[in-house]
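K.L.:
My structure is stored as my_file29.cif, with mmCIF, C-alpha atoms.
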```cif
data_final
#
loop_
_atom_site.label_atom_id
_atom_site.label_comp_id
_atom_site.auth_asym_id
_atom_site.auth_seq_id
_atom_site.Cartn_x
_atom_site.Cartn_y
_atom_site.Cartn_z
CA MET A 1 0.00 0.00 0.00
CA ASP A 2 1.66 3.22 -1.16
CA THR A 3 0.18 5.87 1.13
CA TRP A 4 0.93 9.62 1.07
CA TRP A 5 3.00 9.31 4.26
CA ARG A 6 5.07 6.53 2.71
CA ARG A 7 5.64 8.32 -0.58
CA ASN A 8 6.78 11.49 1.20
CA ARG A 9 8.73 9.85 4.02
CA PHE A 10 12.03 11.32 2.86
CA TRP A 11 10.73 14.88 2.92
CA LEU A 12 8.89 14.30 6.20
CA ALA A 13 12.11 13.06 7.81
CA LEU A 14 13.92 16.09 6.43
CA LEU A 15 11.34 18.47 7.94
CA LEU A 16 12.79 18.34 11.46
CA PRO A 17 16.44 19.11 10.57
CA MET A 18 15.26 21.83 8.19
CA LEU A 19 13.18 23.40 10.95
CA ALA A 20 16.20 23.33 13.28
CA LEU A 21 18.32 24.89 10.54
CA ALA A 22 15.74 27.65 9.95
CA ILE A 23 15.73 28.54 13.66
CA ALA A 24 19.55 28.49 13.80
CA ALA A 25 19.75 30.70 10.72
CA SER A 26 17.38 33.26 12.22
CA SER A 27 19.42 33.41 15.44
CA PHE A 28 21.90 35.65 13.63
CA ARG A 29 20.86 38.74 15.58
CA LEU A 30 20.85 36.94 18.92
CA VAL A 31 24.39 35.67 18.44
CA THR A 32 26.02 38.67 16.76
CA LEU A 33 24.06 41.60 18.21
CA TYR A 34 22.11 40.88 21.36
CA ARG A 35 24.26 38.46 23.33
CA PRO A 36 27.59 40.33 22.93
CA TRP A 37 25.92 43.48 24.28
CA GLN A 38 24.50 41.79 27.38
CA TRP A 39 26.28 40.32 30.36
CA SER A 40 25.73 36.89 28.88
CA GLU A 41 29.01 35.09 29.46
CA ARG A 42 29.45 34.05 33.08
CA ILE A 43 32.63 32.73 34.63
CA VAL A 44 31.83 31.02 37.93
CA ALA A 45 34.85 31.06 40.22
CA GLY A 46 33.33 28.52 42.62
CA GLY A 47 35.11 30.22 45.52
CA PRO A 48 36.38 33.61 46.62
CA THR A 49 39.15 33.65 43.99
CA GLY A 50 38.69 33.53 40.24
CA THR A 51 40.29 34.60 37.00
CA LEU A 52 38.54 36.55 34.26
CA ARG A 53 39.87 35.97 30.76
CA GLN A 54 38.33 37.60 27.72
CA GLU A 55 39.11 39.15 24.38
CA PHE A 56 37.73 42.64 24.09
CA LEU A 57 37.57 45.39 21.51
CA GLY A 58 39.05 48.65 22.80
CA THR A 59 37.83 52.11 21.82
CA ASP A 60 40.90 52.29 19.54
CA ASP A 61 39.49 49.38 17.51
CA LEU A 62 42.19 46.96 18.65
CA ARG A 63 41.41 43.54 20.07
CA ARG A 64 43.23 42.69 23.25
CA ASP A 65 43.28 39.85 25.72
CA ARG A 66 42.41 40.54 29.31
CA GLU A 67 43.45 38.39 32.23
CA VAL A 68 42.87 39.42 35.81
CA THR A 69 42.59 37.41 39.01
CA VAL A 70 40.19 38.71 41.64
CA THR A 71 39.77 37.62 45.27
CA VAL A 72 36.93 38.59 47.59
CA ASP A 73 38.59 39.26 50.94
CA ALA A 74 35.45 40.24 52.82
CA LEU A 75 31.79 41.11 52.37
CA ALA A 76 30.16 42.66 55.42
CA ALA A 77 27.46 45.08 56.51
CA VAL A 78 28.90 48.40 57.69
CA PRO A 79 27.19 51.54 59.06
CA THR A 80 29.06 53.91 56.71
CA LEU A 81 31.88 53.95 54.19
CA GLY A 82 33.64 57.28 53.87
CA GLN A 83 30.89 59.87 53.41
CA ASP A 84 28.32 57.31 52.23
CA ALA A 85 25.50 55.63 54.14
CA ALA A 86 22.50 53.55 53.04
CA ALA A 87 19.05 55.11 52.67
CA PRO A 88 16.46 54.39 55.41
CA GLY A 89 15.28 50.79 55.11
CA ALA A 90 18.57 49.64 53.64
CA THR A 91 21.97 48.48 54.86
CA LEU A 92 25.38 49.35 53.41
CA TRP A 93 27.39 46.28 52.40
CA ARG A 94 31.12 46.72 51.87
CA VAL A 95 33.15 44.40 49.71
CA ASP A 96 36.95 44.23 49.80
CA LEU A 97 38.66 42.86 46.71
CA THR A 98 42.25 42.04 45.81
CA LEU A 99 43.16 42.21 42.13
CA GLU A 100 46.17 40.68 40.43
CA ALA A 101 47.17 41.41 36.83
CA ASP A 102 50.09 42.23 34.56
CA PRO A 103 50.95 45.97 34.53
CA ASP A 104 50.11 46.22 30.81
CA GLN A 105 46.47 45.21 31.29
CA ILE A 106 43.85 47.94 30.79
CA LEU A 107 41.70 47.62 33.90
CA ASP A 108 40.22 51.00 34.79
CA GLY A 109 36.45 51.36 34.65
CA CYS A 110 35.18 48.08 36.06
CA THR A 111 31.71 47.44 37.48
CA VAL A 112 31.24 45.64 40.78
CA GLU A 113 27.83 44.31 41.79
CA ILE A 114 26.68 42.48 44.89
CA VAL A 115 24.15 39.73 44.19
CA GLY A 116 21.27 38.83 46.51
CA PRO A 117 20.06 35.26 47.15
CA ASP A 118 17.31 35.66 44.51
CA GLY A 119 19.79 36.79 41.85
CA THR A 120 18.98 40.51 42.16
CA ARG A 121 22.04 42.56 41.24
CA TYR A 122 22.75 45.51 43.52
CA ALA A 123 24.85 48.29 42.01
CA THR A 124 27.81 49.73 43.93
CA ASN A 125 27.28 53.22 42.50
CA GLU A 126 25.23 55.97 44.19
CA ALA A 127 21.98 53.94 43.97
CA GLY A 128 20.21 53.86 47.32
CA LYS A 129 22.92 55.87 49.09
CA VAL A 130 22.59 59.01 51.20
CA PRO A 131 25.21 61.22 52.88
CA ALA A 132 26.53 59.84 56.18
CA ASP A 133 26.38 63.42 57.42
CA ALA A 134 22.86 64.63 56.60
CA GLN A 135 24.04 68.27 56.87
CA ASP A 136 26.59 67.91 54.07
CA PRO A 137 25.27 69.91 51.09
CA TYR A 138 28.14 68.98 48.75
CA TRP A 139 27.88 65.21 49.15
CA ARG A 140 28.42 63.00 46.14
CA ALA A 141 28.57 59.21 46.47
CA THR A 142 32.11 57.86 46.31
CA ARG A 143 32.97 56.11 43.08
CA ALA A 144 34.77 52.81 43.53
CA LEU A 145 38.12 52.78 41.74
CA CYS A 146 39.22 49.50 40.17
CA VAL A 147 42.88 50.47 39.94
CA PRO A 148 45.22 52.38 42.27
CA GLU A 149 44.60 56.09 41.84
CA ASP A 150 48.32 56.99 41.69
CA ALA A 151 49.28 54.13 39.34
CA PRO A 152 46.26 53.13 37.26
CA GLY A 153 48.25 51.43 34.51
CA PRO A 154 47.55 52.02 30.82
CA THR A 155 44.22 53.66 29.98
CA LEU A 156 42.26 54.23 26.81
CA PHE A 157 41.10 57.78 26.20
CA LEU A 158 38.88 57.88 23.10
CA ASP A 159 41.02 56.10 20.50
CA GLU A 160 44.33 56.75 22.19
CA LEU A 161 46.25 54.46 24.52
CA ILE A 162 47.79 56.51 27.29
CA PRO A 163 50.84 54.79 28.78
CA PRO A 164 51.19 54.84 32.56
CA GLU A 165 53.46 57.35 34.24
CA ARG A 166 54.64 54.62 36.54
CA PRO A 167 54.02 50.90 36.53
CA ARG A 168 51.05 49.53 38.40
CA PRO A 169 51.88 47.05 41.18
CA ALA A 170 51.24 43.38 40.45
CA THR A 171 48.52 43.19 43.12
CA TRP A 172 46.36 45.85 44.70
CA SER A 173 43.10 46.10 46.60
CA MET A 174 39.86 47.95 46.05
CA VAL A 175 36.72 48.70 48.06
CA ALA A 176 33.15 49.05 46.85
CA ALA A 177 29.81 49.25 48.67
CA ALA A 178 26.16 48.75 47.79
CA ALA A 179 23.01 49.87 49.60
CA ILE A 180 20.92 46.71 49.93
CA PRO A 181 17.38 46.53 51.41
CA ASP A 182 17.23 45.38 55.04
CA GLY A 183 16.73 41.65 55.43
CA VAL A 184 18.64 40.70 52.27
CA THR A 185 21.90 38.86 52.96
CA PRO A 186 24.12 38.75 49.86
CA SER A 187 26.87 36.19 49.37
CA VAL A 188 27.96 36.61 45.75
CA VAL A 189 30.00 39.36 44.09
CA ARG A 190 30.25 40.10 40.36
CA ILE A 191 33.03 42.04 38.68
CA MET A 192 33.14 42.96 35.01
CA TRP A 193 34.89 45.18 32.48
CA ASP A 194 33.69 44.70 28.91
CA ARG A 195 30.51 42.91 27.83
CA PRO A 196 29.68 40.05 27.64
CA THR A 197 32.08 38.42 30.15
CA TYR A 198 31.72 38.71 33.91
CA LEU A 199 33.27 36.95 36.88
CA GLU A 200 31.10 35.62 39.70
CA LEU A 201 32.79 35.09 43.06
CA ASP A 202 31.66 33.62 46.37
CA THR A 203 32.51 35.29 49.64
CA PRO A 204 35.08 33.66 51.96
CA ALA A 205 32.52 32.90 54.67
CA SER A 206 30.07 31.08 52.40
CA MET B 207 0.39 28.00 -30.58
CA MET B 208 -1.52 28.56 -27.33
CA SER B 209 -5.01 27.20 -27.01
CA ARG B 210 -7.98 29.35 -26.09
CA ASN B 211 -8.07 27.74 -22.60
CA ALA B 212 -4.44 28.72 -21.98
CA TRP B 213 -5.15 32.38 -22.89
CA LEU B 214 -8.16 32.34 -20.59
CA THR B 215 -6.13 30.88 -17.71
CA ALA B 216 -3.41 33.50 -18.18
CA ALA B 217 -5.98 36.30 -18.22
CA LEU B 218 -7.66 34.95 -15.09
CA VAL B 219 -4.33 34.67 -13.24
CA ILE B 220 -3.41 38.26 -14.17
CA LEU B 221 -6.87 39.45 -13.09
CA ALA B 222 -6.54 37.57 -9.77
CA LEU B 223 -3.10 39.11 -9.17
CA PHE B 224 -4.50 42.57 -9.93
CA VAL B 225 -7.45 42.14 -7.57
CA GLY B 226 -5.13 40.71 -4.92
CA SER B 227 -2.67 43.59 -5.12
CA VAL B 228 -5.49 46.19 -4.95
CA LEU B 229 -6.91 44.40 -1.89
CA ASP B 230 -3.44 44.25 -0.34
CA THR B 231 -3.02 48.01 -0.54
CA ARG B 232 -6.42 48.58 1.10
CA LEU B 233 -6.27 46.06 3.94
CA PRO B 234 -4.66 46.99 7.30
CA LYS B 235 -1.14 45.67 7.70
CA PRO B 236 -0.12 43.36 10.56
CA ASP B 237 3.28 45.10 10.99
CA PRO B 238 2.17 48.12 13.08
CA ALA B 239 0.50 45.84 15.64
CA GLU B 240 3.66 43.78 15.79
CA ALA B 241 5.79 46.87 16.52
CA ASP B 242 3.41 48.26 19.16
CA PRO B 243 4.65 48.69 22.72
CA PHE B 244 3.12 46.50 25.46
CA LEU B 245 0.92 48.99 27.29
CA ARG B 246 0.48 48.31 31.02
CA PRO B 247 -2.60 50.28 32.11
CA GLY B 248 -2.95 51.79 35.57
CA VAL B 249 -4.35 54.68 37.57
CA VAL B 250 -2.92 57.10 40.13
CA GLY B 251 -1.92 55.20 43.27
CA GLN B 252 -1.75 51.85 41.50
CA ALA B 253 1.57 50.02 41.09
CA VAL B 254 2.17 49.26 37.42
CA GLU B 255 4.62 46.44 36.72
CA LEU B 256 7.18 46.87 33.98
CA ARG B 257 9.77 44.35 32.81
CA ASN B 258 12.48 45.97 34.92
CA GLY B 259 10.62 47.74 37.71
CA VAL B 260 7.40 48.99 39.25
CA VAL B 261 6.12 52.53 38.71
CA THR B 262 3.38 54.20 40.78
CA ALA B 263 2.05 57.68 40.01
CA THR B 264 1.27 59.28 43.36
CA ASP B 265 0.08 62.83 42.65
CA VAL B 266 -0.62 65.40 39.94
CA ARG B 267 0.17 69.06 40.53
CA VAL B 268 -0.42 72.01 38.20
CA GLY B 269 0.99 75.53 38.24
CA THR B 270 2.33 78.30 36.03
CA GLU B 271 5.85 78.09 37.48
CA ILE B 272 8.10 75.31 38.62
CA ARG B 273 11.16 75.42 40.83
CA SER B 274 13.54 72.61 40.03
CA ILE B 275 17.26 72.24 40.73
CA GLY B 276 17.22 75.79 42.09
CA ALA B 277 15.86 77.40 38.90
CA ILE B 278 12.39 78.91 38.42
CA THR B 279 10.78 78.36 35.03
CA ALA B 280 7.52 80.01 34.01
CA THR B 281 5.10 79.19 31.21
CA THR B 282 2.20 80.87 29.45
CA GLY B 283 0.41 77.51 29.55
CA ARG B 284 0.59 75.23 32.57
CA TRP B 285 3.18 73.01 34.17
CA LEU B 286 1.67 69.63 34.83
CA VAL B 287 3.87 67.84 37.35
CA VAL B 288 3.44 64.13 38.02
CA ASP B 289 4.98 62.74 41.20
CA TYR B 290 5.81 59.07 40.96
CA VAL B 291 7.66 56.31 42.77
CA PHE B 292 9.92 53.96 40.86
CA GLU B 293 11.27 50.69 42.22
CA ALA B 294 13.79 48.75 40.12
CA ARG B 295 13.62 44.98 39.75
CA GLY B 296 16.53 42.65 39.09
CA GLU B 297 19.21 45.29 38.74
CA ALA B 298 19.66 49.01 39.31
CA GLN B 299 17.69 51.09 36.79
CA PHE B 300 17.56 54.62 35.62
CA LYS B 301 14.48 56.59 34.50
CA ALA B 302 15.75 59.41 32.36
CA PRO B 303 13.02 62.09 32.51
CA ALA B 304 13.43 62.72 28.77
CA THR B 305 11.94 59.31 28.05
CA LEU B 306 8.62 59.98 29.85
CA ARG B 307 5.66 61.37 27.92
CA LEU B 308 2.30 62.93 28.71
CA ARG B 309 -0.45 61.95 26.28
CA ALA B 310 -3.42 64.33 25.98
CA ALA B 311 -6.92 62.93 25.42
CA ASP B 312 -6.69 63.73 21.68
CA GLY B 313 -3.36 61.90 21.33
CA ARG B 314 -0.98 64.88 21.44
CA LEU B 315 2.28 63.90 23.12
CA TYR B 316 4.22 66.17 25.45
CA GLY B 317 7.83 65.56 26.43
CA GLU B 318 9.75 66.82 29.35
CA THR B 319 11.69 70.06 29.06
CA PRO B 320 15.36 69.08 28.81
CA GLY B 321 17.35 69.87 31.90
CA ALA B 322 14.32 70.81 34.01
CA THR B 323 14.77 67.88 36.38
CA ALA B 324 17.42 65.47 37.55
CA ALA B 325 17.25 61.89 36.30
CA CYS B 326 15.23 59.46 38.38
CA GLY B 327 17.97 57.08 39.31
CA PRO B 328 19.93 55.03 39.61
CA ALA B 329 17.24 53.24 41.57
CA GLN B 330 18.52 50.26 43.54
CA PRO B 331 16.27 47.16 43.52
CA GLY B 332 14.06 47.12 46.63
CA ILE B 333 14.75 50.78 47.47
CA PRO B 334 11.94 52.85 45.89
CA LEU B 335 12.82 56.28 44.57
CA ALA B 336 10.33 59.19 44.59
CA CYS B 337 10.67 61.46 41.57
CA SER B 338 8.76 64.23 39.79
CA VAL B 339 8.43 64.95 36.11
CA PRO B 340 7.13 68.28 34.74
CA PHE B 341 5.38 68.73 31.38
CA GLU B 342 4.69 72.13 29.86
CA VAL B 343 1.19 71.90 28.33
CA PRO B 344 -1.64 74.14 27.11
CA VAL B 345 -4.65 74.25 29.42
CA ASP B 346 -6.81 72.14 27.06
CA ALA B 347 -4.35 69.21 27.26
CA ILE B 348 -4.91 68.59 30.98
CA GLU B 349 -8.31 66.89 30.83
CA GLY B 350 -7.99 63.14 30.27
CA ALA B 351 -4.18 63.12 30.15
CA HIS B 352 -2.21 59.90 30.61
CA LEU B 353 1.39 59.45 31.77
CA LEU B 354 3.50 57.08 29.64
CA VAL B 355 6.57 55.53 31.29
CA PRO B 356 8.68 53.25 29.10
CA ALA B 357 10.68 50.39 30.62
CA GLU B 358 13.66 51.66 28.71
CA VAL B 359 14.66 54.27 26.15
CA HIS B 360 11.45 55.19 24.35
CA ILE B 361 7.66 54.75 24.38
CA ASP B 362 7.66 53.60 20.74
CA LEU B 363 9.78 50.51 21.27
CA THR B 364 8.34 47.00 21.40
CA ASP B 365 8.75 46.98 25.16
CA ASP B 366 6.72 47.54 28.31
CA VAL B 367 5.19 51.00 28.67
CA ALA B 368 3.14 51.99 31.73
CA ASP B 369 0.01 53.87 30.58
CA ILE B 370 -1.28 55.64 33.69
CA ASP B 371 -4.66 57.38 33.68
CA LEU B 372 -4.09 60.47 35.81
CA GLY B 373 -7.81 60.69 36.67
CA LEU B 374 -8.17 64.17 35.21
CA THR B 375 -11.93 64.46 34.73
CA ALA B 376 -13.40 67.71 33.39
CA GLU B 377 -14.02 69.08 36.92
CA ARG B 378 -10.61 68.03 38.26
CA ALA B 379 -8.88 69.45 35.16
CA ALA B 380 -10.74 72.77 35.49
CA GLU B 381 -9.88 72.91 39.18
CA LEU B 382 -6.18 72.23 38.47
CA ALA B 383 -6.01 74.63 35.52
CA ALA B 384 -7.32 77.43 37.75
CA ALA B 385 -4.25 77.07 39.97
CA GLU B 386 -1.63 79.67 39.12
CA GLY B 387 0.93 79.04 41.79
CA ARG B 388 4.44 77.66 41.77
CA VAL B 389 5.11 73.94 41.95
CA GLU B 390 8.20 72.87 43.86
CA LEU B 391 10.05 69.86 42.51
CA ALA B 392 12.21 67.94 44.96
CA GLU B 393 15.31 66.01 43.92
CA PRO B 394 14.78 62.26 43.64
CA THR B 395 14.68 60.82 47.16
CA THR B 396 14.53 57.27 48.44
CA VAL B 397 11.29 56.23 50.09
CA GLY B 398 12.17 54.84 53.51
CA GLY B 399 11.09 51.29 54.27
#
```
Could you write out this file's structure as structure tokens?
P.N.:
Amino acid sequence: MDTWWRRNRFWLALLLPMLALAIAASSFRLVTLYRPWQWSERIVAGGPTGTLRQEFLGTDDLRRDREVTVTVDALAAVPTLGQDAAAPGATLWRVDLTLEADPDQILDGCTVEIVGPDGTRYATNEAGKVPADAQDPYWRATRALCVPEDAPGPTLFLDELIPPERPRPATWSMVAAAAIPDGVTPSVVRIMWDRPTYLELDTPAS
Amino acid sequence: MMSRNAWLTAALVILALFVGSVLDTRLPKPDPAEADPFLRPGVVGQAVELRNGVVTATDVRVGTEIRSIGAITATTGRWLVVDYVFEARGEAQFKAPATLRLRAADGRLYGETPGATAACGPAQPGIPLACSVPFEVPVDAIEGAHLLVPAEVHIDLTDDVADIDLGLTAERAAELAAAEGRVELAEPTTVGG
């Protein structure tokens, strides 16, 4: 009995791989546009120390390799940090990091985030912060610096690579803080430079 | 040599294509619906959920002058100021005032005057931020106005947009339009938990 299904079995069998191919072909934008511009590539350190490796495109149109090892020394709730405090209903969490990298690595302008147990990412910029001294009219939240202020290493300014005045030490430490709502106990820290790669670190206590 | 049937078939196909193309130009296209934003309706006092946060309009104030970031700005129309609370979800977010719009009942859109207010943000998740956005409008645009708050850059994107009915009935609009005072705009402040 030569049924329709039997006569067309070859094409029917081909339907599934063709469908898969059509979906893969239309993922062009996802792969080349959307994912590279999101924080989509996670490196899980599995402990308080981890190494971020990535290739990135600098503002001078040159591709470079980045390699930096980061250690979370401490993550703890503090009443204030410098001139900053958390807004009412929130607690200031301070994270201490040690970074280790070759002096020729471009590492200024990183982003540090503290992650809550539900995956919420808390920024370490001025979000949710208030002046520690309520009378201070000139207060501006402190910006966390990823590199030593007096020896930041090479930096990119527009399309120009500015060489360092003096070499950056092989290891250095940095401090950042996030205002996190009361009752939330974070235990994960994220650090990132260029999309899409980020490094996810545990805290020493956890 | 083509038969008479073949000529007839060809003529019918061409006629069908012609009718089809005329119909195609007259029928509504599916594309605009596909590119529409996802409107999230709400009213004053109601929390409206967006993809990346929750926005609640809390109050509407009207005056002929505003004081914002230390500067006083007057208008021959009215300043319609909407106070709102924004709470980020997932990660810290930023509501640039230039992305908010006021839509009058007849569809006219009003944007915010550049530089009149500070940006609403960054708002940390779980720490609501109270902000104000002023719109300079003619008196006849107040009645039936809606506030549009996009999740991100613009209200025309295929993305969440809060569409908040400001409850401006004819009486309420007339009452507000009669006010000729100055409206004070505070800097964005966190709402204590």
K.L.:
Take atom CA of Phe244 of chain B and atom CA of Asp362 of chain B and report the distance between them in Å, one decimal.
P.N.:
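For atom CA of Phe244 of chain B relative to atom CA of Asp362 of chain B, the distance reads 9.7 Å.
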K.L.:
Give the answer as one residue: which of A:Pro181, A:Pro148, A:Pro186, A:Pro204 has the shortest atom-to-atom distance to chain B, using only C-alpha atoms?
P.N.:
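Closest residue, counting only C-alpha atoms: A:Pro181.
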K.L.:
Can you list, as a list in words, every protein, DNA or RNA residue that comes within 8 Å of Met174 of chain A when you count only C-alpha atoms, leaving out same-chain residues fewer than 4 positions away?
P.N.:
Asp96, Leu97, Thr98, Leu99, Ala144, Leu145, Cys146, Val147 and Pro148 of chain A
K.L.:
Based on the selection just made, write C-alpha atoms of those residues as an mmCIF file, in the frame of the given file.
P.N.:
```cif
data_model
loop_
_atom_site.group_PDB
_atom_site.id
_atom_site.type_symbol
_atom_site.label_atom_id
_atom_site.label_comp_id
_atom_site.auth_asym_id
_atom_site.auth_seq_id
_atom_site.Cartn_x
_atom_site.Cartn_y
_atom_site.Cartn_z
ATOM 1 C CA ASP A 96 36.950 44.230 49.800
ATOM 2 C CA LEU A 97 38.660 42.860 46.710
ATOM 3 C CA THR A 98 42.250 42.040 45.810
ATOM 4 C CA LEU A 99 43.160 42.210 42.130
ATOM 5 C CA ALA A 144 34.770 52.810 43.530
ATOM 6 C CA LEU A 145 38.120 52.780 41.740
ATOM 7 C CA CYS A 146 39.220 49.500 40.170
ATOM 8 C CA VAL A 147 42.880 50.470 39.940
ATOM 9 C CA PRO A 148 45.220 52.380 42.270
#
```
K.L.:
Near chain B, meaning an atom within 8 Å, which residues of chain A appear when counting all atoms listed in the file? Write them as a CSV table (one decimal) with C-alpha atoms, in the coordinates of the input.
P.N.:
```
chain,number,residue,atom,x,y,z
A,87,ALA,CA,19.0,55.1,52.7
A,88,PRO,CA,16.5,54.4,55.4
A,89,GLY,CA,15.3,50.8,55.1
A,90,ALA,CA,18.6,49.6,53.6
A,119,GLY,CA,19.8,36.8,41.8
A,120,THR,CA,19.0,40.5,42.2
A,121,ARG,CA,22.0,42.6,41.2
A,122,TYR,CA,22.8,45.5,43.5
A,123,ALA,CA,24.8,48.3,42.0
A,126,GLU,CA,25.2,56.0,44.2
A,127,ALA,CA,22.0,53.9,44.0
A,128,GLY,CA,20.2,53.9,47.3
A,179,ALA,CA,23.0,49.9,49.6
A,180,ILE,CA,20.9,46.7,49.9
A,181,PRO,CA,17.4,46.5,51.4
```
K.L.:
Since I can't run it myself right now, could you work out what the PyMOL selection byres ((chain B and resi 346) around 9) selects here and report it as a ChimeraX atom specification?
P.N.:
/B:310,343-345,347-349,379,383
K.L.:
Between atom CA of Ala132 of chain A and atom CA of Pro79 of chain A, what is the distance in Å, rounded to a tenth?
P.N.:
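Distance reported for this atom pair: 8.8 Å.
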K.L.:
Give as a list in words the residues that the PyMOL selection byres ((chain A and resi 152-163) around 6) matches when applied to the coordinates above.
P.N.:
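Here the PyMOL selection byres ((chain A and resi 152-163) around 6) matches Thr59, Asp60, Ile106, Val147, Pro148, Glu149, Ala151, Pro164 and Arg168 of chain A.
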K.L.:
Find the residues around segment 250-254 of chain B up to 8 Å (only C-alpha atoms counted), leave out those fewer than 4 positions away in its own chain, and share them as a PyMOL selection string.
P.N.:
chain B and resi 246+260-265+368+370-373
K.L.:
What is the distance, in Å and to one decimal place, between atom CA of Ala101 of chain A and atom CA of Leu201 of chain A?
P.N.:
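The value is 16.9 Å.
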K.L.:
Up to 12 Å from (16.5, 77.2, 35.8) in the file's coordinates: name the residues, counting only C-alpha atoms, as a PyMOL selection string.
P.N.:
chain B and resi 271-280+319-324+391
K.L.:
Running the PyMOL selection byres ((chain A and resi 139) around 12) on this model by hand, what would come out? Give it as a list in words.
P.N.:
Gly82, Gln83, Asp84, Ala85, Glu126, Lys129, Val130, Pro131, Ala132, Asp133, Ala134, Gln135, Asp136, Pro137, Tyr138, Arg140, Ala141 and Thr142 of chain A
K.L.:
Dump C-alpha atoms for the selected residues as an mmCIF file, keeping the file's coordinate frame?
P.N.:
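What ended up in again_10.cif:
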```cif
data_model
loop_
_atom_site.group_PDB
_atom_site.id
_atom_site.type_symbol
_atom_site.label_atom_id
_atom_site.label_comp_id
_atom_site.auth_asym_id
_atom_site.auth_seq_id
_atom_site.Cartn_x
_atom_site.Cartn_y
_atom_site.Cartn_z
ATOM 1 C CA GLY A 82 33.640 57.280 53.870
ATOM 2 C CA GLN A 83 30.890 59.870 53.410
ATOM 3 C CA ASP A 84 28.320 57.310 52.230
ATOM 4 C CA ALA A 85 25.500 55.630 54.140
ATOM 5 C CA GLU A 126 25.230 55.970 44.190
ATOM 6 C CA LYS A 129 22.920 55.870 49.090
ATOM 7 C CA VAL A 130 22.590 59.010 51.200
ATOM 8 C CA PRO A 131 25.210 61.220 52.880
ATOM 9 C CA ALA A 132 26.530 59.840 56.180
ATOM 10 C CA ASP A 133 26.380 63.420 57.420
ATOM 11 C CA ALA A 134 22.860 64.630 56.600
ATOM 12 C CA GLN A 135 24.040 68.270 56.870
ATOM 13 C CA ASP A 136 26.590 67.910 54.070
ATOM 14 C CA PRO A 137 25.270 69.910 51.090
ATOM 15 C CA TYR A 138 28.140 68.980 48.750
ATOM 16 C CA ARG A 140 28.420 63.000 46.140
ATOM 17 C CA ALA A 141 28.570 59.210 46.470
ATOM 18 C CA THR A 142 32.110 57.860 46.310
#
```
K.L.:
For a quick check of understanding, using only C-alpha atoms, which of B:Pro243, B:Pro340, B:Gly226, B:Pro234 has the smallest distance to Thr281 of chain B?
P.N.:
B:Pro340
